[in-house]
>>> print(open('input-v5.txt').read())   # compact mmCIF, C-alpha atoms
# COMPACT_ATOMS: atom_id res chain seq x y z
CA MET N 1 0.00 0.00 0.00
CA ILE N 2 2.82 2.42 0.87
CA PHE N 3 4.57 1.42 -2.34
CA HIS N 4 1.47 2.30 -4.36
CA LYS N 5 1.16 5.66 -2.65
CA ASN N 6 4.83 6.50 -3.27
CA LEU N 7 4.61 5.42 -6.87
CA ASN N 8 1.45 7.44 -7.36
CA GLY N 9 3.05 10.55 -5.88
CA LEU N 10 6.16 10.08 -7.99
CA ALA N 11 4.17 9.69 -11.17
CA THR N 12 2.03 12.71 -10.41
CA GLY N 13 5.07 14.83 -9.58
CA LEU N 14 6.83 13.71 -12.73
CA ALA N 15 3.81 14.53 -14.82
CA LEU N 16 3.52 18.00 -13.37
CA ALA N 17 7.21 18.62 -13.82
CA VAL N 18 7.08 17.53 -17.42
CA ALA N 19 3.97 19.63 -18.03
CA GLY N 20 5.74 22.66 -16.52
CA VAL N 21 8.78 22.15 -18.67
CA VAL N 22 6.63 21.83 -21.74
CA ALA N 23 4.72 25.00 -20.87
CA THR N 24 7.79 27.19 -20.15
CA ALA N 25 10.57 25.89 -22.35
CA PRO N 26 10.22 26.54 -26.07
CA MET N 27 10.72 23.25 -27.83
CA PRO N 28 9.91 22.15 -31.29
CA ALA N 29 6.61 20.41 -31.76
CA HIS N 30 8.46 17.33 -32.89
CA ALA N 31 12.06 16.36 -32.18
CA GLN N 32 13.91 13.44 -33.64
CA PHE N 33 16.58 11.52 -31.72
CA GLY N 34 18.28 8.69 -33.55
CA GLY N 35 15.40 8.23 -35.90
CA ILE N 36 12.77 8.30 -33.09
CA VAL N 37 10.25 11.13 -33.17
CA TYR N 38 9.79 12.68 -29.72
CA ASP N 39 6.62 14.64 -28.94
CA PRO N 40 6.88 16.36 -25.50
CA SER N 41 3.18 17.18 -25.23
CA ASN N 42 2.19 13.61 -26.01
CA TYR N 43 4.70 12.31 -23.47
CA ALA N 44 3.28 14.55 -20.74
CA GLN N 45 -0.24 13.44 -21.56
CA ASN N 46 0.83 9.79 -21.31
CA VAL N 47 2.42 10.42 -17.92
CA LEU N 48 -0.76 12.09 -16.64
CA THR N 49 -2.85 9.22 -17.94
CA ALA N 50 -0.59 6.72 -16.19
CA ALA N 51 -0.85 8.68 -12.94
CA ARG N 52 -4.63 8.75 -13.14
CA THR N 53 -4.68 5.03 -13.86
CA LEU N 54 -2.43 4.35 -10.90
CA GLU N 55 -4.67 6.46 -8.65
CA GLN N 56 -7.71 4.49 -9.81
CA ILE N 57 -5.93 1.23 -9.03
CA ASN N 58 -5.05 2.51 -5.56
CA ASN N 59 -8.69 3.44 -4.97
CA GLU N 60 -9.79 -0.04 -6.00
CA ILE N 61 -7.21 -1.58 -3.67
CA ARG N 62 -8.47 0.55 -0.76
CA MET N 63 -12.04 -0.45 -1.57
CA LEU N 64 -11.08 -4.14 -1.53
CA GLN N 65 -9.28 -3.67 1.77
CA ASN N 66 -12.36 -2.01 3.28
CA GLN N 67 -14.55 -4.83 2.02
CA ALA N 68 -12.18 -7.40 3.50
CA THR N 69 -12.22 -5.58 6.86
CA SER N 70 -16.02 -5.44 6.76
CA LEU N 71 -16.22 -9.19 6.07
CA VAL N 72 -13.85 -9.91 8.96
CA ASN N 73 -15.99 -7.81 11.30
CA GLU N 74 -19.16 -9.52 10.10
CA ALA N 75 -17.56 -12.91 10.70
CA ARG N 76 -16.70 -11.85 14.25
CA ASN N 77 -20.23 -10.60 14.83
CA LEU N 78 -21.60 -13.97 13.71
CA GLN N 79 -19.36 -16.02 16.01
CA SER N 80 -21.41 -17.95 18.56
CA LEU N 81 -20.69 -17.71 22.27
CA PRO N 82 -18.76 -20.82 23.38
CA LEU N 83 -20.35 -20.70 26.86
CA ASN N 84 -23.87 -22.11 27.32
CA ILE N 85 -25.55 -22.41 30.74
CA VAL N 86 -29.10 -22.90 29.48
CA GLN N 87 -29.20 -26.65 30.15
CA PRO N 88 -28.01 -26.37 33.80
CA LEU N 89 -30.62 -23.66 34.35
CA ARG N 90 -33.35 -25.93 32.96
CA GLU N 91 -32.25 -28.75 35.25
CA GLN N 92 -32.34 -26.47 38.30
CA ILE N 93 -35.84 -25.28 37.42
CA GLN N 94 -36.95 -28.90 37.03
CA GLN N 95 -35.54 -29.70 40.47
CA THR N 96 -37.57 -26.87 41.98
CA GLN N 97 -40.68 -28.13 40.18
CA GLN N 98 -40.08 -31.62 41.53
CA LEU N 99 -39.90 -30.25 45.08
CA LEU N 100 -43.24 -28.54 44.57
CA GLN N 101 -44.74 -31.72 43.12
CA GLN N 102 -43.64 -33.65 46.20
CA ALA N 103 -45.92 -31.56 48.41
CA GLN N 104 -47.34 -33.78 51.15
CA ARG N 105 -51.01 -34.36 51.97
CA ILE N 106 -52.46 -31.26 50.24
CA ALA N 107 -50.82 -30.70 46.85
CA TYR N 108 -50.79 -27.60 44.67
CA ASP N 109 -54.03 -28.52 42.97
CA VAL N 110 -57.13 -26.33 43.05
CA ARG N 111 -59.67 -29.18 43.07
CA GLU N 112 -57.82 -31.13 45.75
CA ILE N 113 -57.57 -28.02 47.92
CA GLU N 114 -61.28 -27.35 47.55
CA THR N 115 -62.17 -30.92 48.46
CA THR N 116 -59.84 -31.06 51.47
CA PHE N 117 -60.94 -27.70 52.86
CA GLU N 118 -64.57 -28.61 52.43
CA ALA N 119 -64.13 -31.80 54.45
CA GLN N 120 -61.51 -30.86 57.06
CA TYR N 121 -61.74 -27.11 57.59
CA LYS N 122 -65.03 -25.53 56.49
CA ASN N 123 -67.68 -28.13 57.33
CA ILE N 124 -66.29 -29.76 60.44
CA PRO N 125 -68.63 -32.51 61.65
CA LEU N 126 -69.12 -31.06 65.13
CA GLY N 127 -71.77 -33.66 65.84
CA ALA N 128 -69.27 -36.51 65.46
CA SER N 129 -67.91 -38.47 68.36
CA GLN N 130 -65.17 -37.19 70.60
CA GLN N 131 -62.68 -39.58 69.01
CA ALA N 132 -63.65 -38.43 65.51
CA LEU N 133 -63.11 -34.81 66.50
CA VAL N 134 -59.69 -35.61 67.89
CA THR N 135 -58.78 -37.53 64.72
CA SER N 136 -59.91 -34.60 62.53
CA ALA N 137 -57.84 -32.16 64.57
CA GLU N 138 -54.83 -34.46 64.31
CA ALA N 139 -55.18 -34.58 60.50
CA ARG N 140 -55.29 -30.81 60.24
CA TRP N 141 -52.24 -30.47 62.48
CA GLN N 142 -50.36 -32.96 60.29
CA ASN N 143 -51.30 -30.93 57.21
CA SER N 144 -49.71 -27.84 58.76
CA VAL N 145 -46.56 -29.66 59.84
CA ALA N 146 -46.14 -31.24 56.38
CA ALA N 147 -46.62 -27.88 54.68
CA PHE N 148 -43.89 -26.27 56.79
CA GLU N 149 -41.60 -29.19 55.99
CA ASP N 150 -42.28 -28.76 52.28
CA ALA N 151 -41.53 -25.05 52.55
CA LEU N 152 -38.18 -25.77 54.19
CA LYS N 153 -37.29 -28.19 51.37
CA VAL N 154 -38.07 -25.62 48.70
CA GLN N 155 -36.05 -23.01 50.57
CA ALA N 156 -33.12 -25.42 50.83
CA GLY N 157 -33.29 -26.02 47.07
CA ALA N 158 -33.28 -22.28 46.36
CA VAL N 159 -30.30 -21.76 48.67
CA ALA N 160 -28.42 -24.61 46.99
CA ASN N 161 -28.83 -22.85 43.64
CA ILE N 162 -27.16 -19.65 44.89
CA GLU N 163 -23.63 -20.97 44.43
CA GLY N 164 -24.43 -22.12 40.91
CA SER N 165 -25.87 -18.69 40.16
CA ARG N 166 -22.70 -16.98 41.38
CA GLU N 167 -20.49 -19.15 39.16
CA ALA N 168 -22.76 -18.65 36.17
CA VAL N 169 -22.80 -14.87 36.60
CA ASN N 170 -19.00 -14.72 36.78
CA SER N 171 -18.64 -16.89 33.68
CA LEU N 172 -21.19 -14.92 31.68
CA LEU N 173 -19.74 -11.55 32.65
CA GLY N 174 -16.29 -12.72 31.61
CA ALA N 175 -17.64 -14.05 28.30
CA SER N 176 -19.51 -10.79 27.67
CA GLN N 177 -16.45 -8.63 28.30
CA SER N 178 -14.30 -10.74 25.97
CA ALA N 179 -16.99 -11.14 23.29
CA ALA N 180 -15.56 -11.04 19.76
CA GLY N 181 -18.71 -9.65 18.19
CA ALA N 182 -22.27 -8.50 18.63
CA LEU N 183 -23.74 -12.01 18.54
CA GLN N 184 -21.57 -13.25 21.41
CA ALA N 185 -22.42 -10.19 23.49
CA ALA N 186 -26.14 -10.65 22.80
CA GLN N 187 -26.00 -14.36 23.67
CA ALA N 188 -24.23 -13.60 26.94
CA GLY N 189 -26.90 -11.05 27.77
CA ASN N 190 -29.68 -13.50 26.93
CA GLN N 191 -28.17 -16.14 29.20
CA LEU N 192 -27.94 -13.62 32.03
CA LEU N 193 -31.66 -12.97 31.55
CA ALA N 194 -32.28 -16.73 31.66
CA LEU N 195 -30.35 -16.90 34.93
CA GLN N 196 -32.51 -14.13 36.38
CA THR N 197 -35.60 -16.01 35.25
CA ARG N 198 -34.48 -19.10 37.13
CA GLN N 199 -33.81 -17.02 40.24
CA LEU N 200 -37.29 -15.54 39.96
CA ALA N 201 -38.68 -19.08 39.64
CA ASP N 202 -36.89 -20.09 42.85
CA LEU N 203 -38.23 -17.00 44.61
CA THR N 204 -41.76 -17.69 43.38
CA ALA N 205 -41.59 -21.32 44.52
CA THR N 206 -40.27 -20.29 47.95
CA LEU N 207 -43.00 -17.70 48.44
CA ALA N 208 -45.65 -20.16 47.28
CA ALA N 209 -44.44 -22.86 49.67
CA MET N 210 -44.29 -20.47 52.62
CA GLY N 211 -47.69 -19.04 51.76
CA ARG N 212 -49.16 -22.53 51.60
CA ALA N 213 -47.73 -23.42 55.00
CA GLN N 214 -48.95 -20.21 56.60
CA ALA N 215 -52.41 -20.57 55.05
CA LEU N 216 -52.79 -24.14 56.30
CA ASP N 217 -51.59 -23.13 59.75
CA ALA N 218 -54.09 -20.28 59.91
CA ALA N 219 -56.89 -22.55 58.68
CA GLU N 220 -55.93 -25.18 61.27
CA ARG N 221 -56.14 -22.61 64.06
CA ALA N 222 -59.53 -21.38 62.85
CA ALA N 223 -60.90 -24.92 62.68
CA ALA N 224 -59.43 -25.74 66.10
CA LYS N 225 -61.29 -22.80 67.66
CA ALA N 226 -64.62 -24.01 66.31
CA GLN N 227 -63.93 -27.55 67.47
CA ALA N 228 -62.71 -26.34 70.86
CA ARG N 229 -65.99 -24.49 71.44
CA GLU N 230 -67.97 -27.64 70.69
CA GLN N 231 -65.80 -29.77 72.95
CA LEU N 232 -66.14 -27.20 75.73
CA ARG N 233 -69.91 -27.19 75.31
CA ARG N 234 -69.97 -30.98 75.60
CA PHE N 235 -67.77 -30.92 78.65
CA LEU N 236 -69.97 -28.37 80.39
CA ALA N 237 -73.10 -30.31 79.44
CA THR N 238 -71.82 -33.57 80.91
CA ARG N 239 -70.00 -32.15 83.96
CA PRO N 240 -71.77 -33.05 87.24
CA ARG N 241 -73.28 -30.12 89.00
CA ASP N 242 -71.82 -28.99 92.28
CA LEU N 243 -73.79 -30.22 95.31
CA PRO N 244 -75.27 -27.41 97.42
CA THR N 245 -73.63 -26.95 100.76
CA LYS N 246 -75.63 -27.42 103.98
CA SER N 247 -76.17 -24.29 105.98
CA ASP N 248 -75.77 -24.29 109.68
>>> encode(input="input-v5.txt", output="structure tokens")
Amino acid sequence: MIFHKNLNGLATGLALAVAGVVATAPMPAHAQFGGIVYDPSNYAQNVLTAARTLEQINNEIRMLQNQATSLVNEARNLQSLPLNIVQPLREQIQQTQQLLQQAQRIAYDVREIETTFEAQYKNIPLGASQQALVTSAEARWQNSVAAFEDALKVQAGAVANIEGSREAVNSLLGASQSAAGALQAAQAGNQLLALQTRQLADLTATLAAMGRAQALDAAERAAAKAQAREQLRRFLATRPRDLPTKSD
């Protein structure tokens, strides 16, 4: 490239010099040296034509270089990110789903919840026997205990994913900063968004599990109050009356 520029400048300078000489020095229109006819004006015109041709070639070379640079940049922009954490994120979300599906006694199912609440919490058979009332209260207490246990399991799963999240964030940030092109940077950003989505899924599962446990505990206390009133009424109805004391 430098060679072409130097040659172009030399040719242009030579052409101008020759044109100046032709313009200032009186010379015959045609001179003959050793049988060869020399025409100074024609020679100058040929030099100028060669200089213009050389300049056009240099322009074409620069255009090809720019096109090559553009193709190299496009190739870099199309390079795929070598780091992919999508599959581990999917596996972690599936693990959280499995923990939710392992919910004991009352699962995360609308129809099952309606049926269980109708039988054990809303319409308590207060006219049942004392043993039946105790058994019903025991079942509700077990529902609450199981729900708190399920909530602790989901929380443990979310906490276990924190370390994986930290490693994934560090890897993705490093890949983003060293991205060769736009595609790699975009893919790193998309995977960071996927990581945030998994974290939101863990948070949602944790809140749902805790809310379930708290709701069952509150429902158990409400049902226990109604049952306690009935049991107290029975106790008072069957308690022997105090004998009147004899007065002196």
>>> atom_distance(input="input-v5.txt", atom1="CA of Ala215 (chain N)", atom2="CA of Ala147 (chain N)")
9.3 Å
>>> atom_distance(input="input-v5.txt", atom1="CA of Gly157 (chain N)", atom2="CA of Gly211 (chain N)")
16.7 Å
>>> atom_distance(input="input-v5.txt", atom1="CA of Ala151 (chain N)", atom2="CA of Thr206 (chain N)")
6.7 Å
>>> closest_residue(input="input-v5.txt", among="N:Leu232, N:Gln101, N:Ser165, N:Asn123", to="Arg198 (chain N)", atoms="all atoms listed in the file")
N:Ser165
>>> residues_around(input="input-v5.txt", residues="Lys225 (chain N)", least_positions_apart="4", cutoff="12 Å", atoms="only C-alpha atoms", output="PyMOL selection string")
chain N and resi 121+124+126+137+218-221+229-232
>>> write_last_selection(input="input-v5.txt", atoms="C-alpha atoms", output="PDB file, in the frame of the given file")
ATOM      1  CA  TYR N 121     -61.740 -27.110  57.590  1.00  0.00           C
ATOM      2  CA  ILE N 124     -66.290 -29.760  60.440  1.00  0.00           C
ATOM      3  CA  LEU N 126     -69.120 -31.060  65.130  1.00  0.00           C
ATOM      4  CA  ALA N 137     -57.840 -32.160  64.570  1.00  0.00           C
ATOM      5  CA  ALA N 218     -54.090 -20.280  59.910  1.00  0.00           C
ATOM      6  CA  ALA N 219     -56.890 -22.550  58.680  1.00  0.00           C
ATOM      7  CA  GLU N 220     -55.930 -25.180  61.270  1.00  0.00           C
ATOM      8  CA  ARG N 221     -56.140 -22.610  64.060  1.00  0.00           C
ATOM      9  CA  ARG N 229     -65.990 -24.490  71.440  1.00  0.00           C
ATOM     10  CA  GLU N 230     -67.970 -27.640  70.690  1.00  0.00           C
ATOM     11  CA  GLN N 231     -65.800 -29.770  72.950  1.00  0.00           C
ATOM     12  CA  LEU N 232     -66.140 -27.200  75.730  1.00  0.00           C
TER      13      LEU N 232
END
>>> closest_residue(input="input-v5.txt", among="N:Gln120, N:Gln199, N:Asn143, N:Asn42", to="Gln227 (chain N)", atoms="only C-alpha atoms")
N:Gln120
>>> closest_residue(input="input-v5.txt", among="N:Ser41, N:Ser80, N:Thr69, N:Gln56", to="Ala185 (chain N)", atoms="all atoms listed in the file")
N:Ser80
>>> closest_residue(input="input-v5.txt", among="N:Gln214, N:Gln130, N:Thr238, N:Asn66", to="Ser144 (chain N)", atoms="all atoms listed in the file")
N:Gln214
>>> residues_around(input="input-v5.txt", residues="Leu195 (chain N)", least_positions_apart="5", cutoff="9 Å", atoms="only C-alpha atoms", output="list in words")
Ile85, Val86, Leu89, Ser165, Ala168, Val169, Asn190 and Leu200 of chain N
>>> residues_around(input="input-v5.txt", residues="region 96-100 of chain N", least_positions_apart="2", cutoff="8 Å", atoms="all atoms listed in the file", output="JSON, numbers by chain")
{"N": [92, 93, 94, 102, 103, 108, 150, 153, 154, 157, 158, 202, 205, 209]}
>>> closest_residue(input="input-v5.txt", among="N:Ile61, N:Ala194, N:Ala156, N:Ile106", to="Pro88 (chain N)", atoms="only C-alpha atoms")
N:Ala194
